[in-house]
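Q: Take this structure first; my questions come after.
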Amino acid sequence: MRTWGVIRWLGANSEALIALVTAVIVGILGLTNSVSASVVNSAILATLAALALSVLRSKWEFNAEPEARARLLSAQQSLEDLPAHIRRISQVEELLTDYRATLDEESAIRILRGNEITQSLSEARAEAKEWIFRGGTATFVRAVVLPDCIRRARRARRPLNVRLEILDPRDLRLCERYANFFRHGVEDPNEDEQTWTGEGTQLELYATIFAACWWKQHYPPLKIEVALSSTMTLFRFDMTQNFLFITERGPRFPAMMIREGRFFYDYWRNELDEQFDQSYKLPLTDAPRLSEQPTPTETRDLFARLQLDLPDSFSDDDVDLIVRQAIDAQNPYA
């Protein structure tokens, strides 16, 4: 096969080979003065003729193959268009990089449903060194988060920082608006929200404030702050040093979980800090010490010291209910 290839190559380039061989032979003979000058000149003309014949044949073959010429022209056009293609590829690569970054960020926002919410909140409490809340009455925080986090902190002998931003119980219209919004948002008459009232919301809020004072007294390493907001939020924010949870009306509805270190985690931390700074902060350090079985008189005195005098319409039974909901609160989502 190799021999036939050499033979085909020699045949295709015969004119050039004849010219080369003739030039070499005549050159040697001319240098050795073996032939006359006229012979050398004749040989030169023959060599040039052979070269001319080779060139003419090459051109004829090229002109005889329009497909080859078209391919060469197409290749030339492709080479000229190559820089533009490279620029477009670079633009596509930049877009893909941006989309990849967006997807990476979105993957940090996990949607939780049902038991996933309960389980994730439980895991967050296990390692919580801080708990930041913003929402309505903080009933779940009072009933579950505070007792559980304090129990774990006491067992691990670590401090615990808690910050709560809740509705202002002094603003009955705000409490009624909160209750009405969620009461009108459910259709099932068996839903718990159907029983919500402005006065009931006030009782829940006072119970959360009482619970903050109670736990601060029973676990001195606890650093707890409570601020009262004049605006209602539809969502509830629970943040630890590792996670942020954004929920609405408990585990019956989807929730979002964002891990620490992501843009949205830091964004919401700044938002929660700003909102807390704009709210009215209770002077919990002024709270008097409570007995193990707080009486209505002690309870009223506590709120008076916090500059949150209980409404005159609150009976002693209402005050006892505040204490029970603060100390022996039940998980509203059990």
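The chains in the structure tokens are called A, B, ... from first to last as shown; in each chain the residues are counted from 1, and the ligands are counted from 1 in the order shown.
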Just the residues within 10 Å of Thr139 (chain A), please, counting only C-alpha atoms, with nothing from its chain fewer than 2 positions along; format it as a tab-separated table (two decimals) with all heavy atoms, in the first residue's frame.
A:
```
chain	number	residue	atom	x	y	z
A	135	GLY	N	-42.59	38.45	64.99
A	135	GLY	CA	-43.86	37.95	64.51
A	135	GLY	C	-45.00	38.53	65.30
A	135	GLY	O	-45.00	39.72	65.66
A	136	GLY	N	-45.99	37.68	65.62
A	136	GLY	CA	-47.19	38.14	66.30
A	136	GLY	C	-47.10	38.03	67.80
A	136	GLY	O	-46.62	38.93	68.49
A	137	THR	N	-47.55	36.88	68.34
A	137	THR	CA	-47.61	36.71	69.79
A	137	THR	C	-46.48	35.85	70.35
A	137	THR	O	-46.34	35.76	71.56
A	137	THR	CB	-48.95	36.07	70.18
A	137	THR	OG1	-49.05	34.77	69.56
A	137	THR	CG2	-50.13	36.93	69.73
A	141	VAL	N	-42.78	30.17	70.52
A	141	VAL	CA	-41.51	30.46	71.20
A	141	VAL	C	-41.69	30.30	72.71
A	141	VAL	O	-40.86	29.70	73.40
A	141	VAL	CB	-41.03	31.88	70.85
A	141	VAL	CG1	-39.79	32.25	71.67
A	141	VAL	CG2	-40.73	31.99	69.37
A	142	ARG	N	-42.79	30.83	73.21
A	142	ARG	CA	-43.04	30.76	74.65
A	142	ARG	C	-43.27	29.33	75.12
A	142	ARG	O	-42.78	28.93	76.18
A	142	ARG	CB	-44.28	31.61	74.97
A	142	ARG	CG	-44.65	31.64	76.44
A	142	ARG	CD	-45.88	32.50	76.66
A	142	ARG	NE	-47.11	31.85	76.24
A	142	ARG	CZ	-47.94	32.31	75.30
A	142	ARG	NH1	-47.66	33.42	74.66
A	142	ARG	NH2	-49.04	31.64	75.00
A	143	ALA	N	-43.98	28.54	74.31
A	143	ALA	CA	-44.36	27.20	74.73
A	143	ALA	C	-43.28	26.16	74.48
A	143	ALA	O	-43.13	25.21	75.25
A	143	ALA	CB	-45.64	26.78	74.00
A	144	VAL	N	-42.50	26.32	73.41
A	144	VAL	CA	-41.56	25.28	73.00
A	144	VAL	C	-40.11	25.78	72.98
A	144	VAL	O	-39.23	25.16	73.57
A	144	VAL	CB	-41.94	24.73	71.60
A	144	VAL	CG1	-40.93	23.67	71.15
A	144	VAL	CG2	-43.34	24.15	71.62
A	145	VAL	N	-39.86	26.88	72.28
A	145	VAL	CA	-38.48	27.30	72.04
A	145	VAL	C	-37.77	27.66	73.34
A	145	VAL	O	-36.67	27.15	73.61
A	145	VAL	CB	-38.45	28.49	71.05
A	145	VAL	CG1	-37.03	29.03	70.93
A	145	VAL	CG2	-38.98	28.06	69.69
A	204	GLU	N	-52.26	36.68	75.08
A	204	GLU	CA	-51.12	35.92	74.59
A	204	GLU	C	-49.84	36.76	74.66
A	204	GLU	O	-48.76	36.26	75.04
A	204	GLU	CB	-51.37	35.46	73.16
A	204	GLU	CG	-52.47	34.44	72.99
A	204	GLU	CD	-52.05	33.05	73.46
A	204	GLU	OE1	-50.83	32.83	73.66
A	204	GLU	OE2	-52.93	32.19	73.63
A	205	LEU	N	-49.94	38.01	74.30
A	205	LEU	CA	-48.76	38.88	74.30
A	205	LEU	C	-48.26	39.13	75.72
A	205	LEU	O	-47.05	39.08	75.98
A	205	LEU	CB	-49.10	40.21	73.62
A	205	LEU	CG	-49.36	40.12	72.10
A	205	LEU	CD1	-50.00	41.39	71.59
A	205	LEU	CD2	-48.05	39.85	71.36
A	207	ALA	N	-48.66	37.15	78.17
A	207	ALA	CA	-48.09	35.88	78.63
A	207	ALA	C	-46.66	35.71	78.12
A	207	ALA	O	-45.78	35.20	78.85
A	207	ALA	CB	-48.96	34.71	78.15
A	208	THR	N	-46.39	36.12	76.90
A	208	THR	CA	-45.02	36.02	76.36
A	208	THR	C	-44.08	36.92	77.14
A	208	THR	O	-42.94	36.51	77.46
A	208	THR	CB	-45.03	36.42	74.87
A	208	THR	OG1	-45.82	35.47	74.13
A	208	THR	CG2	-43.61	36.41	74.31
A	325	GLN	N	-50.48	30.48	80.93
A	325	GLN	CA	-50.01	30.43	79.57
A	325	GLN	C	-48.52	30.74	79.46
A	325	GLN	O	-47.86	30.32	78.52
A	325	GLN	CB	-50.80	31.43	78.70
A	325	GLN	CG	-52.25	31.00	78.46
A	325	GLN	CD	-52.98	31.99	77.59
A	325	GLN	OE1	-52.63	33.16	77.53
A	325	GLN	NE2	-54.01	31.52	76.92
A	326	ALA	N	-47.99	31.46	80.43
A	326	ALA	CA	-46.57	31.78	80.43
A	326	ALA	C	-45.72	30.64	80.94
A	326	ALA	O	-44.68	30.28	80.36
A	326	ALA	CB	-46.31	33.03	81.25
A	329	ALA	N	-47.31	26.72	79.19
A	329	ALA	CA	-47.86	26.87	77.84
A	329	ALA	C	-47.80	25.54	77.09
A	329	ALA	O	-46.87	24.76	77.26
A	329	ALA	CB	-47.09	27.94	77.08
A	330	GLN	N	-48.81	25.30	76.28
A	330	GLN	CA	-48.89	24.09	75.48
A	330	GLN	C	-48.51	24.41	74.03
A	330	GLN	O	-48.80	25.47	73.51
A	330	GLN	CB	-50.32	23.51	75.52
A	330	GLN	CG	-50.79	23.17	76.92
A	330	GLN	CD	-49.94	22.11	77.58
A	330	GLN	OE1	-49.63	21.07	76.97
A	330	GLN	NE2	-49.53	22.35	78.83
A	331	ASN	N	-47.82	23.45	73.41
A	331	ASN	CA	-47.42	23.62	72.01
A	331	ASN	C	-48.68	23.78	71.15
A	331	ASN	O	-49.51	22.88	71.09
A	331	ASN	CB	-46.64	22.37	71.56
A	331	ASN	CG	-46.14	22.53	70.12
A	331	ASN	OD1	-46.46	23.45	69.41
A	331	ASN	ND2	-45.32	21.58	69.68
A	332	PRO	N	-48.86	24.93	70.50
A	332	PRO	CA	-50.09	25.15	69.72
A	332	PRO	C	-50.16	24.29	68.48
A	332	PRO	O	-51.23	24.19	67.86
A	332	PRO	CB	-49.99	26.65	69.34
A	332	PRO	CG	-48.53	26.93	69.33
A	332	PRO	CD	-47.95	26.09	70.43
```
Q: If you take only C-alpha atoms and a cut-off of 12 Å, which residues of region 189-245 of chain A touch region 291-301 of chain A, and what are their nearest atom pairs and distances in Å to one decimal, in chain and number order, as a Markdown table?
A:
```
| residue | atom | partner | partner_atom | distance |
| --- | --- | --- | --- | --- |
| A:Tyr206 | CA | A:Thr299 | CA | 10.1 |
| A:Ala207 | CA | A:Thr299 | CA | 10.3 |
| A:Ile209 | CA | A:Thr299 | CA | 11.0 |
| A:Phe210 | CA | A:Thr299 | CA | 8.1 |
| A:Ala211 | CA | A:Thr299 | CA | 11.3 |
| A:Cys213 | CA | A:Thr299 | CA | 10.8 |
| A:Trp214 | CA | A:Glu292 | CA | 9.5 |
| A:Trp215 | CA | A:Glu292 | CA | 11.7 |
| A:Gln217 | CA | A:Ser291 | CA | 10.2 |
| A:His218 | CA | A:Glu292 | CA | 10.0 |
```
Q: With N, CA and C atoms retained, could you export that selection as a PDB file, in the first residue's frame?
A:
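And here is the file that came out, out.pdb:
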```pdb
ATOM      1  N   TYR A 206     -49.171  39.396  76.639  1.00  0.00           N
ATOM      2  CA  TYR A 206     -48.756  39.582  78.025  1.00  0.00           C
ATOM      3  C   TYR A 206     -48.136  38.302  78.582  1.00  0.00           C
ATOM      4  N   ALA A 207     -48.660  37.145  78.173  1.00  0.00           N
ATOM      5  CA  ALA A 207     -48.088  35.879  78.628  1.00  0.00           C
ATOM      6  C   ALA A 207     -46.664  35.709  78.121  1.00  0.00           C
ATOM      7  N   ILE A 209     -44.515  38.114  77.472  1.00  0.00           N
ATOM      8  CA  ILE A 209     -43.670  39.029  78.244  1.00  0.00           C
ATOM      9  C   ILE A 209     -43.422  38.467  79.650  1.00  0.00           C
ATOM     10  N   PHE A 210     -44.469  37.919  80.259  1.00  0.00           N
ATOM     11  CA  PHE A 210     -44.310  37.310  81.580  1.00  0.00           C
ATOM     12  C   PHE A 210     -43.332  36.141  81.502  1.00  0.00           C
ATOM     13  N   ALA A 211     -43.444  35.321  80.468  1.00  0.00           N
ATOM     14  CA  ALA A 211     -42.542  34.179  80.311  1.00  0.00           C
ATOM     15  C   ALA A 211     -41.092  34.629  80.191  1.00  0.00           C
ATOM     16  N   CYS A 213     -39.702  37.225  81.572  1.00  0.00           N
ATOM     17  CA  CYS A 213     -39.239  37.567  82.924  1.00  0.00           C
ATOM     18  C   CYS A 213     -39.067  36.310  83.780  1.00  0.00           C
ATOM     19  N   TRP A 214     -39.969  35.376  83.623  1.00  0.00           N
ATOM     20  CA  TRP A 214     -39.915  34.134  84.403  1.00  0.00           C
ATOM     21  C   TRP A 214     -38.639  33.344  84.090  1.00  0.00           C
ATOM     22  N   TRP A 215     -38.357  33.142  82.825  1.00  0.00           N
ATOM     23  CA  TRP A 215     -37.189  32.360  82.456  1.00  0.00           C
ATOM     24  C   TRP A 215     -35.895  33.109  82.748  1.00  0.00           C
ATOM     25  N   GLN A 217     -35.413  34.911  85.299  1.00  0.00           N
ATOM     26  CA  GLN A 217     -35.208  34.696  86.733  1.00  0.00           C
ATOM     27  C   GLN A 217     -34.718  33.283  87.025  1.00  0.00           C
ATOM     28  N   HIS A 218     -35.197  32.288  86.263  1.00  0.00           N
ATOM     29  CA  HIS A 218     -34.875  30.892  86.550  1.00  0.00           C
ATOM     30  C   HIS A 218     -33.636  30.388  85.818  1.00  0.00           C
TER      31      HIS A 218
END
```
Q: Just the residues within 7 Å of Leu222 (chain A), please, counting only C-alpha atoms, with nothing from its chain fewer than 4 positions along; format it as a list in words.
A: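 Those residues are Pro159, Leu160, Asn161 and Lys216 of chain A.
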Q: Quick one: of A:Gln275, A:Leu308, A:Tyr219, A:Ala334, who's nearest to Ile150 (chain A), counting only C-alpha atoms?
A: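 Selected residue with least distance to Ile150 (chain A): A:Tyr219.
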Q: Give the answer as one residue: which of A:Pro251, A:Gly261, A:Pro283, A:Pro288 has the shortest atom-to-atom distance to Gln119 (chain A), using only C-alpha atoms?
A: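 Residue with the minimum atom-to-atom distance to Gln119 (chain A): A:Pro251.
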Q: I'd like to know which of A:Ala124, A:Leu146, A:Leu167, A:Ile246 is closest to Ser279 (chain A), using only C-alpha atoms.
A: A:Leu167
Q: At a cut-off of 9 Å, using only C-alpha atoms, what residues contact Asp286 (chain A)? Leave out same-chain residues fewer than 5 positions from it and give the result as a PDB file with all heavy atoms, in the first residue's frame.
A:
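Okay, this is what ended up in around-v1.pdb:
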```
ATOM      1  N   LEU A 302     -45.693  43.396  88.355  1.00  0.00           N
ATOM      2  CA  LEU A 302     -44.648  43.159  87.358  1.00  0.00           C
ATOM      3  C   LEU A 302     -44.867  44.023  86.116  1.00  0.00           C
ATOM      4  O   LEU A 302     -43.953  44.726  85.661  1.00  0.00           O
ATOM      5  CB  LEU A 302     -44.632  41.674  86.969  1.00  0.00           C
ATOM      6  CG  LEU A 302     -43.807  41.322  85.731  1.00  0.00           C
ATOM      7  CD1 LEU A 302     -42.314  41.496  85.984  1.00  0.00           C
ATOM      8  CD2 LEU A 302     -44.098  39.899  85.260  1.00  0.00           C
ATOM      9  N   ARG A 305     -44.254  47.701  86.705  1.00  0.00           N
ATOM     10  CA  ARG A 305     -42.832  48.037  86.742  1.00  0.00           C
ATOM     11  C   ARG A 305     -42.249  48.102  85.328  1.00  0.00           C
ATOM     12  O   ARG A 305     -41.274  48.796  85.086  1.00  0.00           O
ATOM     13  CB  ARG A 305     -42.074  47.003  87.583  1.00  0.00           C
ATOM     14  CG  ARG A 305     -42.474  46.991  89.054  1.00  0.00           C
ATOM     15  CD  ARG A 305     -41.757  48.097  89.822  1.00  0.00           C
ATOM     16  NE  ARG A 305     -40.333  47.817  89.880  1.00  0.00           N
ATOM     17  CZ  ARG A 305     -39.775  47.080  90.853  1.00  0.00           C
ATOM     18  NH1 ARG A 305     -40.533  46.553  91.818  1.00  0.00           N
ATOM     19  NH2 ARG A 305     -38.478  46.887  90.863  1.00  0.00           N
ATOM     20  N   LEU A 306     -42.851  47.333  84.417  1.00  0.00           N
ATOM     21  CA  LEU A 306     -42.395  47.357  83.020  1.00  0.00           C
ATOM     22  C   LEU A 306     -43.093  48.450  82.213  1.00  0.00           C
ATOM     23  O   LEU A 306     -42.909  48.529  80.991  1.00  0.00           O
ATOM     24  CB  LEU A 306     -42.674  45.999  82.359  1.00  0.00           C
ATOM     25  CG  LEU A 306     -41.940  44.788  82.938  1.00  0.00           C
ATOM     26  CD1 LEU A 306     -42.354  43.513  82.190  1.00  0.00           C
ATOM     27  CD2 LEU A 306     -40.430  44.985  82.846  1.00  0.00           C
TER      28      LEU A 306
END
```
Q: Could you tell me which of A:Arg87, A:Ala108, A:Ser315, A:Ala156 comes closest to Pro221 (chain A) if we count only C-alpha atoms?
A: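 Checking each candidate against Pro221 (chain A), we get A:Ala156 as the closest.
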Q: Where does DSSP see strand (DSSP E) in region 84-263 of chain A, if you list the residues as an MDAnalysis selection string?
A: chainID A and resid 109:112 130:134 160:167 222:229 236:239 243:247 255:259
Q: Separation of CA of Met256 (chain A) and CA of Arg110 (chain A), in Å?
A: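 Pair CA of Met256 (chain A) / CA of Arg110 (chain A) returns 5.7 Å.
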Q: Which of region 109-179 of chain A end up as helix (DSSP H, G or I) when DSSP is run on this backbone - answer as JSON, numbers by chain?
A: {"A": [115, 116, 117, 118, 119, 120, 121, 122, 123, 124, 125, 126, 139, 140, 141, 142, 143, 144, 145, 146, 147, 148, 149, 150, 151, 152, 153, 154, 155, 156, 172, 173, 174, 175, 176, 177, 178, 179]}
Q: Dump C-alpha atoms for the selected residues as a PDB file, in the first residue's frame?
A:
```pdb
ATOM      1  CA  ASN A 115     -43.032  17.375  59.643  1.00  0.00           C
ATOM      2  CA  GLU A 116     -39.948  18.820  57.940  1.00  0.00           C
ATOM      3  CA  ILE A 117     -40.697  22.140  59.635  1.00  0.00           C
ATOM      4  CA  THR A 118     -41.056  20.551  63.066  1.00  0.00           C
ATOM      5  CA  GLN A 119     -37.917  18.448  62.618  1.00  0.00           C
ATOM      6  CA  SER A 120     -35.782  21.312  61.306  1.00  0.00           C
ATOM      7  CA  LEU A 121     -36.831  23.633  64.126  1.00  0.00           C
ATOM      8  CA  SER A 122     -35.979  20.902  66.626  1.00  0.00           C
ATOM      9  CA  GLU A 123     -32.515  20.473  65.096  1.00  0.00           C
ATOM     10  CA  ALA A 124     -31.977  24.229  65.210  1.00  0.00           C
ATOM     11  CA  ARG A 125     -32.838  24.349  68.916  1.00  0.00           C
ATOM     12  CA  ALA A 126     -30.324  21.604  69.664  1.00  0.00           C
ATOM     13  CA  THR A 139     -46.839  31.578  71.324  1.00  0.00           C
ATOM     14  CA  PHE A 140     -44.675  28.781  69.911  1.00  0.00           C
ATOM     15  CA  VAL A 141     -41.515  30.461  71.200  1.00  0.00           C
ATOM     16  CA  ARG A 142     -43.043  30.765  74.653  1.00  0.00           C
ATOM     17  CA  ALA A 143     -44.358  27.200  74.726  1.00  0.00           C
ATOM     18  CA  VAL A 144     -41.557  25.281  73.001  1.00  0.00           C
ATOM     19  CA  VAL A 145     -38.484  27.304  72.037  1.00  0.00           C
ATOM     20  CA  LEU A 146     -37.703  28.962  75.366  1.00  0.00           C
ATOM     21  CA  PRO A 147     -38.110  25.866  77.587  1.00  0.00           C
ATOM     22  CA  ASP A 148     -36.241  23.596  75.159  1.00  0.00           C
ATOM     23  CA  CYS A 149     -33.363  25.982  74.441  1.00  0.00           C
ATOM     24  CA  ILE A 150     -32.915  26.781  78.117  1.00  0.00           C
ATOM     25  CA  ARG A 151     -32.932  23.079  79.017  1.00  0.00           C
ATOM     26  CA  ARG A 152     -30.254  22.357  76.418  1.00  0.00           C
ATOM     27  CA  ALA A 153     -28.212  25.415  77.378  1.00  0.00           C
ATOM     28  CA  ARG A 154     -28.321  24.457  81.050  1.00  0.00           C
ATOM     29  CA  ARG A 155     -27.233  20.900  80.212  1.00  0.00           C
ATOM     30  CA  ALA A 156     -24.332  22.172  78.072  1.00  0.00           C
ATOM     31  CA  LEU A 172     -56.037  46.892  71.134  1.00  0.00           C
ATOM     32  CA  ARG A 173     -56.816  47.968  67.555  1.00  0.00           C
ATOM     33  CA  LEU A 174     -53.555  46.395  66.374  1.00  0.00           C
ATOM     34  CA  CYS A 175     -54.389  43.185  68.245  1.00  0.00           C
ATOM     35  CA  GLU A 176     -57.866  43.111  66.710  1.00  0.00           C
ATOM     36  CA  ARG A 177     -56.451  43.652  63.239  1.00  0.00           C
ATOM     37  CA  TYR A 178     -54.056  40.747  63.767  1.00  0.00           C
ATOM     38  CA  ALA A 179     -56.827  38.435  64.993  1.00  0.00           C
TER      39      ALA A 179
END
```
Q: So, with only C-alpha atoms as the atoms that count, which of A:Ala212, A:Ala128, A:Ala84, A:Leu203 lies closest to Ile327 (chain A)?
A: A:Ala212
Q: One decimal, in Å: what's the spacing between CA of Pro220 (chain A) and CA of Thr240 (chain A)?
A: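 These two atoms are separated by 20.1 Å.
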Q: Using only C-alpha atoms for the distances, tell me which of A:Val323, A:Leu290, A:Ile109, A:Leu282 is nearest to Glu225 (chain A).
A: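 Of the candidates, the smallest distance to Glu225 (chain A) is held by A:Leu282.
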Q: If we count only C-alpha atoms and set the cut-off at 10 Å, which residues sit around Phe276 (chain A), ignoring sequence neighbours fewer than 6 positions away in its own chain? Please answer as a PyMOL selection string.
A: chain A and resi 132-134+163-166+225-229+270
